[in-house]
>>> print(open('upload.txt').read())   # compact mmCIF, C-alpha atoms
# COMPACT_ATOMS: atom_id res chain seq x y z
CA MET A 1 -34.09 -19.77 -7.96
CA SER A 2 -35.59 -17.54 -5.25
CA THR A 3 -38.87 -18.38 -3.66
CA GLU A 4 -41.64 -15.80 -3.50
CA LEU A 5 -40.91 -15.22 0.17
CA GLN A 6 -37.18 -14.74 -0.49
CA LEU A 7 -38.08 -12.23 -3.20
CA LEU A 8 -40.33 -10.32 -0.79
CA ARG A 9 -37.63 -10.28 1.88
CA GLY A 10 -35.14 -8.98 -0.68
CA LEU A 11 -37.53 -6.26 -1.85
CA TYR A 12 -38.16 -5.10 1.70
CA ALA A 13 -34.44 -5.06 2.52
CA TYR A 14 -33.91 -2.98 -0.64
CA HIS A 15 -36.76 -0.61 0.27
CA PHE A 16 -35.30 0.03 3.71
CA ARG A 17 -31.83 0.72 2.25
CA LYS A 18 -33.42 3.24 -0.10
CA LEU A 19 -35.48 4.73 2.73
CA ARG A 20 -32.30 5.43 4.67
CA SER A 21 -30.95 7.18 1.54
CA TYR A 22 -34.00 9.45 1.56
CA LEU A 23 -33.46 10.13 5.25
CA ARG A 24 -29.87 11.24 4.60
CA THR A 25 -30.97 13.43 1.68
CA ILE A 26 -33.83 15.10 3.56
CA TRP A 27 -31.83 15.75 6.73
CA SER A 28 -28.94 17.19 4.71
CA LEU A 29 -31.22 20.05 3.63
CA PRO A 30 -31.50 23.29 5.57
CA VAL A 31 -34.10 23.05 8.35
CA ALA A 32 -36.48 25.51 6.67
CA GLU A 33 -36.48 23.45 3.44
CA ARG A 34 -37.02 20.21 5.33
CA TYR A 35 -40.18 21.53 6.99
CA ARG A 36 -41.57 23.85 4.30
CA ASP A 37 -45.20 23.11 3.35
CA ARG A 38 -44.97 21.99 -0.27
CA GLY A 39 -48.67 21.29 -0.81
CA ALA A 40 -48.11 17.55 -1.14
CA THR A 41 -50.19 14.72 0.34
CA TYR A 42 -48.28 15.42 3.57
CA PRO A 43 -47.08 19.02 3.89
CA SER A 44 -43.31 18.78 4.27
CA LEU A 45 -40.57 16.39 3.23
CA VAL A 46 -40.24 15.30 6.85
CA ASP A 47 -44.01 14.78 7.16
CA LEU A 48 -43.99 12.64 4.04
CA TYR A 49 -41.00 10.62 5.24
CA LEU A 50 -42.60 10.01 8.63
CA HIS A 51 -45.84 9.03 6.91
CA ILE A 52 -43.95 6.25 5.12
CA LEU A 53 -42.88 4.96 8.54
CA ASP A 54 -46.45 5.34 9.83
CA ASP A 55 -47.75 3.29 6.88
CA TYR A 56 -45.49 0.42 7.88
CA ARG A 57 -46.48 0.84 11.51
CA PHE A 58 -50.18 0.88 10.61
CA TRP A 59 -50.03 -2.30 8.56
CA PHE A 60 -47.74 -4.33 10.81
CA ILE A 61 -48.88 -3.10 14.23
CA GLN A 62 -52.52 -2.14 13.83
CA ALA A 63 -53.90 -3.92 10.76
CA TYR A 64 -52.08 -7.21 11.28
CA ALA A 65 -51.44 -7.39 15.03
CA GLY A 66 -54.55 -5.48 16.11
CA ARG A 67 -52.65 -3.12 18.41
CA THR A 68 -52.83 0.64 18.30
CA PHE A 69 -49.97 3.05 17.75
CA ARG A 70 -49.63 6.81 17.67
CA ASP A 71 -48.97 8.47 14.28
CA PHE A 72 -46.15 10.94 14.06
CA PRO A 73 -47.86 14.34 14.25
CA LEU A 74 -47.67 16.61 11.21
CA GLY A 75 -45.05 19.30 11.58
CA VAL A 76 -43.02 17.44 14.19
CA ARG A 77 -39.48 18.85 14.31
CA MET A 78 -37.66 15.56 14.48
CA GLY A 79 -33.89 15.55 14.47
CA ARG A 80 -31.85 13.23 12.28
CA LYS A 81 -30.92 10.88 15.13
CA GLU A 82 -34.59 10.55 16.12
CA ALA A 83 -35.54 9.85 12.49
CA GLU A 84 -32.78 7.26 12.20
CA ARG A 85 -33.97 5.58 15.41
CA ALA A 86 -37.60 5.55 14.21
CA THR A 87 -36.49 4.10 10.87
CA ARG A 88 -34.46 1.35 12.57
CA GLU A 89 -37.42 0.47 14.80
CA VAL A 90 -39.75 0.15 11.81
CA GLU A 91 -37.18 -1.83 9.84
CA ARG A 92 -36.68 -4.23 12.78
CA LEU A 93 -40.44 -4.66 13.10
CA VAL A 94 -40.98 -5.42 9.41
CA MET A 95 -37.88 -7.51 8.77
CA GLY A 96 -38.48 -9.47 11.98
CA PHE A 97 -42.01 -10.20 10.79
CA LEU A 98 -40.72 -11.34 7.40
CA GLN A 99 -38.05 -13.58 8.92
CA GLN A 100 -40.68 -15.44 10.94
CA LEU A 101 -42.87 -16.15 7.90
CA HIS A 102 -42.99 -19.46 6.10
CA PRO A 103 -44.09 -19.69 2.45
CA LYS A 104 -47.51 -21.10 3.40
CA ASP A 105 -48.10 -18.04 5.64
CA LEU A 106 -48.42 -15.78 2.60
CA ASP A 107 -51.91 -17.19 1.96
CA ARG A 108 -53.02 -16.78 5.59
CA ARG A 109 -55.86 -14.30 5.96
CA PHE A 110 -56.31 -11.82 8.76
CA TYR A 111 -59.05 -9.37 9.60
CA ILE A 112 -58.42 -5.63 9.49
CA GLN A 113 -60.67 -4.14 12.14
CA VAL A 114 -60.62 -0.54 10.84
CA ASP A 115 -61.46 -1.63 7.27
CA ARG A 116 -63.82 -4.44 8.28
CA ARG A 117 -62.33 -6.82 5.75
CA SER A 118 -59.87 -9.66 5.60
CA ILE A 119 -56.82 -9.96 3.37
CA THR A 120 -53.89 -12.30 2.97
CA ILE A 121 -50.45 -11.56 4.32
CA ARG A 122 -49.27 -11.56 0.68
CA SER A 123 -51.75 -8.79 -0.15
CA MET A 124 -50.56 -6.74 2.82
CA LEU A 125 -46.91 -7.12 1.81
CA LEU A 126 -47.61 -6.13 -1.80
CA GLN A 127 -49.79 -3.19 -0.69
CA MET A 128 -46.89 -1.89 1.39
CA ILE A 129 -44.46 -2.10 -1.53
CA GLU A 130 -46.93 -0.16 -3.68
CA GLY A 131 -47.47 2.51 -1.01
CA ASP A 132 -43.74 2.82 -0.36
CA LEU A 133 -43.06 3.38 -4.07
CA GLN A 134 -45.85 5.95 -4.34
CA HIS A 135 -44.52 8.06 -1.48
CA LYS A 136 -40.89 7.78 -2.57
CA GLY A 137 -41.99 8.96 -6.02
CA GLU A 138 -43.64 11.95 -4.38
CA LEU A 139 -40.42 12.66 -2.46
CA ASN A 140 -38.54 12.48 -5.78
CA ALA A 141 -40.87 15.03 -7.38
CA LEU A 142 -40.55 17.42 -4.44
CA LEU A 143 -36.76 17.10 -4.39
CA TRP A 144 -36.57 17.71 -8.16
CA GLN A 145 -38.66 20.86 -7.71
CA MET A 146 -35.94 22.05 -5.32
CA ASP A 147 -33.16 21.10 -7.78
CA VAL A 148 -32.02 18.40 -5.34
CA LYS A 149 -31.08 15.05 -6.80
CA PRO A 150 -33.08 12.25 -5.15
CA PRO A 151 -31.31 9.08 -4.06
CA PRO A 152 -30.64 6.79 -7.02
CA VAL A 153 -32.98 3.86 -7.40
CA ASP A 154 -31.67 0.82 -9.24
CA LEU A 155 -33.07 -2.46 -8.04
CA SER A 156 -31.16 -4.47 -10.63
CA ARG A 157 -27.77 -3.23 -9.37
CA THR A 158 -28.30 -3.08 -5.63
CA ALA A 159 -30.87 -5.70 -4.63
CA ARG A 160 -29.51 -8.83 -2.99
CA PHE A 161 -31.70 -11.69 -4.11
>>> encode(input="upload.txt", output="structure tokens")
Amino acid sequence: MSTELQLLRGLYAYHFRKLRSYLRTIWSLPVAERYRDRGATYPSLVDLYLHILDDYRFWFIQAYAGRTFRDFPLGVRMGRKEAERATREVERLVMGFLQQLHPKDLDRRFYIQVDRRSITIRSMLLQMIEGDLQHKGELNALLWQMDVKPPPVDLSRTARF
């Protein structure tokens, strides 16, 4: 039977595999479609994708570690190789963090300076899964509006845990 921490590691590994599927789908579109303002929470598909990366960066760099980082600017014309590199960097950051955790660490609290509150590492990890799902769902809706099939999501067939 998997421990809670093993389950979280498996979910995050799954989320990053799916994120790379979204990257391939978005960057396979014509440039104009990739960057078109679609009136979503972040204007374009690329903006929304980069926001997902920024969410991870915010929580693991700023909220947890207390360091600052620079958000990807809206409308940035990032090429596929740059997006792949940014995705790998975020994945290394998050998966490295998870690999260093011990089960008792999930209950450890830390203070989020910008929110002026403390939460547990478990809460942060679950918040990120929720946010990731929300934004991928938004990407799905935008892709469907374009008659583009989003990457398949099937945790029960592809997760390794």
>>> closest_residue(input="upload.txt", among="A:Val153, A:Leu74, A:Val148, A:Ala65", to="Phe110 of chain A", atoms="all atoms listed in the file")
A:Ala65
>>> atom_distance(input="upload.txt", atom1="atom CA of Ser2 of chain A", atom2="atom CA of Pro103 of chain A")
11.7 Å
>>> residues_around(input="upload.txt", residues="Lys149 of chain A", least_positions_apart="5", cutoff="9 Å", atoms="all atoms listed in the file", output="list in words")
Thr25, Asn140, Leu143 and Trp144 of chain A
>>> closest_residue(input="upload.txt", among="A:Arg85, A:Arg108, A:Arg38, A:Arg92", to="Ser123 of chain A", atoms="all atoms listed in the file")
A:Arg108
>>> closest_residue(input="upload.txt", among="A:Pro73, A:Leu133, A:Glu84, A:Tyr64", to="Arg117 of chain A", atoms="only C-alpha atoms")
A:Tyr64
>>> atom_distance(input="upload.txt", atom1="atom CA of Leu7 of chain A", atom2="atom CA of Ala83 of chain A")
27.2 Å
>>> residues_around(input="upload.txt", residues="His102 of chain A", least_positions_apart="6", cutoff="12 Å", atoms="all atoms listed in the file", output="ChimeraX atom specification")
/A:3-6,8-9,108,121-122
>>> atom_distance(input="upload.txt", atom1="atom CA of Val94 of chain A", atom2="atom CA of Gly131 of chain A")
14.6 Å
>>> axis_aligned_box(input="upload.txt", around="segment 110-126 of chain A", padding_each_side="5 Å", output="lines of an AutoDock Vina configuration file")
center_x = -55.4
center_y = -6.4
center_z = 5.2
size_x = 26.9
size_y = 21.8
size_z = 23.9
>>> residues_around(input="upload.txt", residues="segment 13-16 of chain A", least_positions_apart="6", cutoff="12 Å", atoms="all atoms listed in the file", output="number ranges by chain")
A: 6-7, 22-23, 52-53, 56, 84, 87-96, 98-99, 128-133, 135-136, 151, 153-161
>>> closest_residue(input="upload.txt", among="A:Phe58, A:Tyr35, A:Phe97, A:Tyr42", to="Gln113 of chain A", atoms="all atoms listed in the file")
A:Phe58
>>> residues_around(input="upload.txt", residues="Val46 of chain A", least_positions_apart="3", cutoff="9 Å", atoms="all atoms listed in the file", output="ChimeraX atom specification")
/A:23,26-27,34-35,42-43,49-51,74-78
>>> closest_residue(input="upload.txt", among="A:Leu106, A:Leu101, A:Leu142, A:Ala63", to="Asp37 of chain A", atoms="all atoms listed in the file")
A:Leu142
>>> build_atoms(input="upload.txt", residues="segment 19-54 of chain A", atoms="N, CA and C atoms", output="short mmCIF file (atom, residue, chain, number, x, y, z; two decimals), in the coordinates of the input")
data_model
loop_
_atom_site.label_atom_id
_atom_site.label_comp_id
_atom_site.auth_asym_id
_atom_site.auth_seq_id
_atom_site.Cartn_x
_atom_site.Cartn_y
_atom_site.Cartn_z
N LEU A 19 -34.86 3.81 1.78
CA LEU A 19 -35.48 4.73 2.73
C LEU A 19 -34.43 5.48 3.53
N ARG A 20 -33.39 4.77 3.95
CA ARG A 20 -32.30 5.43 4.67
C ARG A 20 -31.58 6.46 3.78
N SER A 21 -31.53 6.20 2.47
CA SER A 21 -30.95 7.18 1.54
C SER A 21 -31.80 8.45 1.50
N TYR A 22 -33.12 8.28 1.52
CA TYR A 22 -34.00 9.45 1.56
C TYR A 22 -33.82 10.21 2.88
N LEU A 23 -33.67 9.49 3.96
CA LEU A 23 -33.46 10.13 5.25
C LEU A 23 -32.21 11.01 5.19
N ARG A 24 -31.11 10.46 4.69
CA ARG A 24 -29.87 11.24 4.60
C ARG A 24 -30.05 12.47 3.72
N THR A 25 -30.76 12.30 2.60
CA THR A 25 -30.97 13.43 1.68
C THR A 25 -31.82 14.51 2.34
N ILE A 26 -32.92 14.12 2.94
CA ILE A 26 -33.83 15.10 3.56
C ILE A 26 -33.14 15.83 4.70
N TRP A 27 -32.45 15.10 5.56
CA TRP A 27 -31.83 15.75 6.73
C TRP A 27 -30.53 16.47 6.38
N SER A 28 -30.08 16.38 5.13
CA SER A 28 -28.94 17.19 4.71
C SER A 28 -29.39 18.57 4.24
N LEU A 29 -30.67 18.76 4.08
CA LEU A 29 -31.22 20.05 3.63
C LEU A 29 -31.28 21.03 4.80
N PRO A 30 -31.30 22.31 4.50
CA PRO A 30 -31.50 23.29 5.57
C PRO A 30 -32.85 23.04 6.26
N VAL A 31 -32.91 23.33 7.54
CA VAL A 31 -34.10 23.05 8.35
C VAL A 31 -35.36 23.64 7.70
N ALA A 32 -35.29 24.87 7.25
CA ALA A 32 -36.48 25.51 6.67
C ALA A 32 -36.99 24.74 5.44
N GLU A 33 -36.08 24.21 4.64
CA GLU A 33 -36.48 23.45 3.44
C GLU A 33 -37.08 22.10 3.81
N ARG A 34 -36.54 21.51 4.85
CA ARG A 34 -37.02 20.21 5.33
C ARG A 34 -38.48 20.28 5.77
N TYR A 35 -38.85 21.40 6.37
CA TYR A 35 -40.18 21.53 6.99
C TYR A 35 -41.13 22.44 6.23
N ARG A 36 -40.72 22.97 5.09
CA ARG A 36 -41.57 23.85 4.30
C ARG A 36 -42.79 23.08 3.78
N ASP A 37 -43.97 23.71 3.89
CA ASP A 37 -45.20 23.11 3.35
C ASP A 37 -45.13 23.20 1.83
N ARG A 38 -45.12 22.05 1.18
CA ARG A 38 -44.97 21.99 -0.27
C ARG A 38 -46.28 21.62 -0.97
N GLY A 39 -47.37 21.58 -0.21
CA GLY A 39 -48.67 21.29 -0.81
C GLY A 39 -48.82 19.87 -1.29
N ALA A 40 -48.06 18.96 -0.73
CA ALA A 40 -48.11 17.55 -1.14
C ALA A 40 -49.15 16.80 -0.28
N THR A 41 -49.22 15.49 -0.45
CA THR A 41 -50.19 14.72 0.34
C THR A 41 -49.93 14.87 1.83
N TYR A 42 -48.68 15.07 2.20
CA TYR A 42 -48.28 15.42 3.57
C TYR A 42 -47.42 16.66 3.39
N PRO A 43 -47.62 17.69 4.20
CA PRO A 43 -47.08 19.02 3.89
C PRO A 43 -45.58 19.10 3.59
N SER A 44 -44.75 18.59 4.45
CA SER A 44 -43.31 18.78 4.27
C SER A 44 -42.63 17.47 3.90
N LEU A 45 -41.36 17.59 3.52
CA LEU A 45 -40.57 16.39 3.23
C LEU A 45 -40.49 15.49 4.46
N VAL A 46 -40.30 16.10 5.62
CA VAL A 46 -40.24 15.30 6.85
C VAL A 46 -41.59 14.64 7.12
N ASP A 47 -42.69 15.38 6.95
CA ASP A 47 -44.01 14.78 7.16
C ASP A 47 -44.23 13.59 6.24
N LEU A 48 -43.83 13.73 5.00
CA LEU A 48 -43.99 12.64 4.04
C LEU A 48 -43.12 11.44 4.41
N TYR A 49 -41.90 11.70 4.81
CA TYR A 49 -41.00 10.62 5.24
C TYR A 49 -41.59 9.88 6.44
N LEU A 50 -42.05 10.63 7.43
CA LEU A 50 -42.60 10.01 8.63
C LEU A 50 -43.91 9.27 8.32
N HIS A 51 -44.64 9.75 7.32
CA HIS A 51 -45.84 9.03 6.91
C HIS A 51 -45.48 7.65 6.35
N ILE A 52 -44.38 7.57 5.62
CA ILE A 52 -43.95 6.25 5.12
C ILE A 52 -43.73 5.31 6.31
N LEU A 53 -43.07 5.79 7.35
CA LEU A 53 -42.88 4.96 8.54
C LEU A 53 -44.22 4.62 9.18
N ASP A 54 -45.13 5.60 9.25
CA ASP A 54 -46.45 5.34 9.83
C ASP A 54 -47.23 4.31 9.02
#
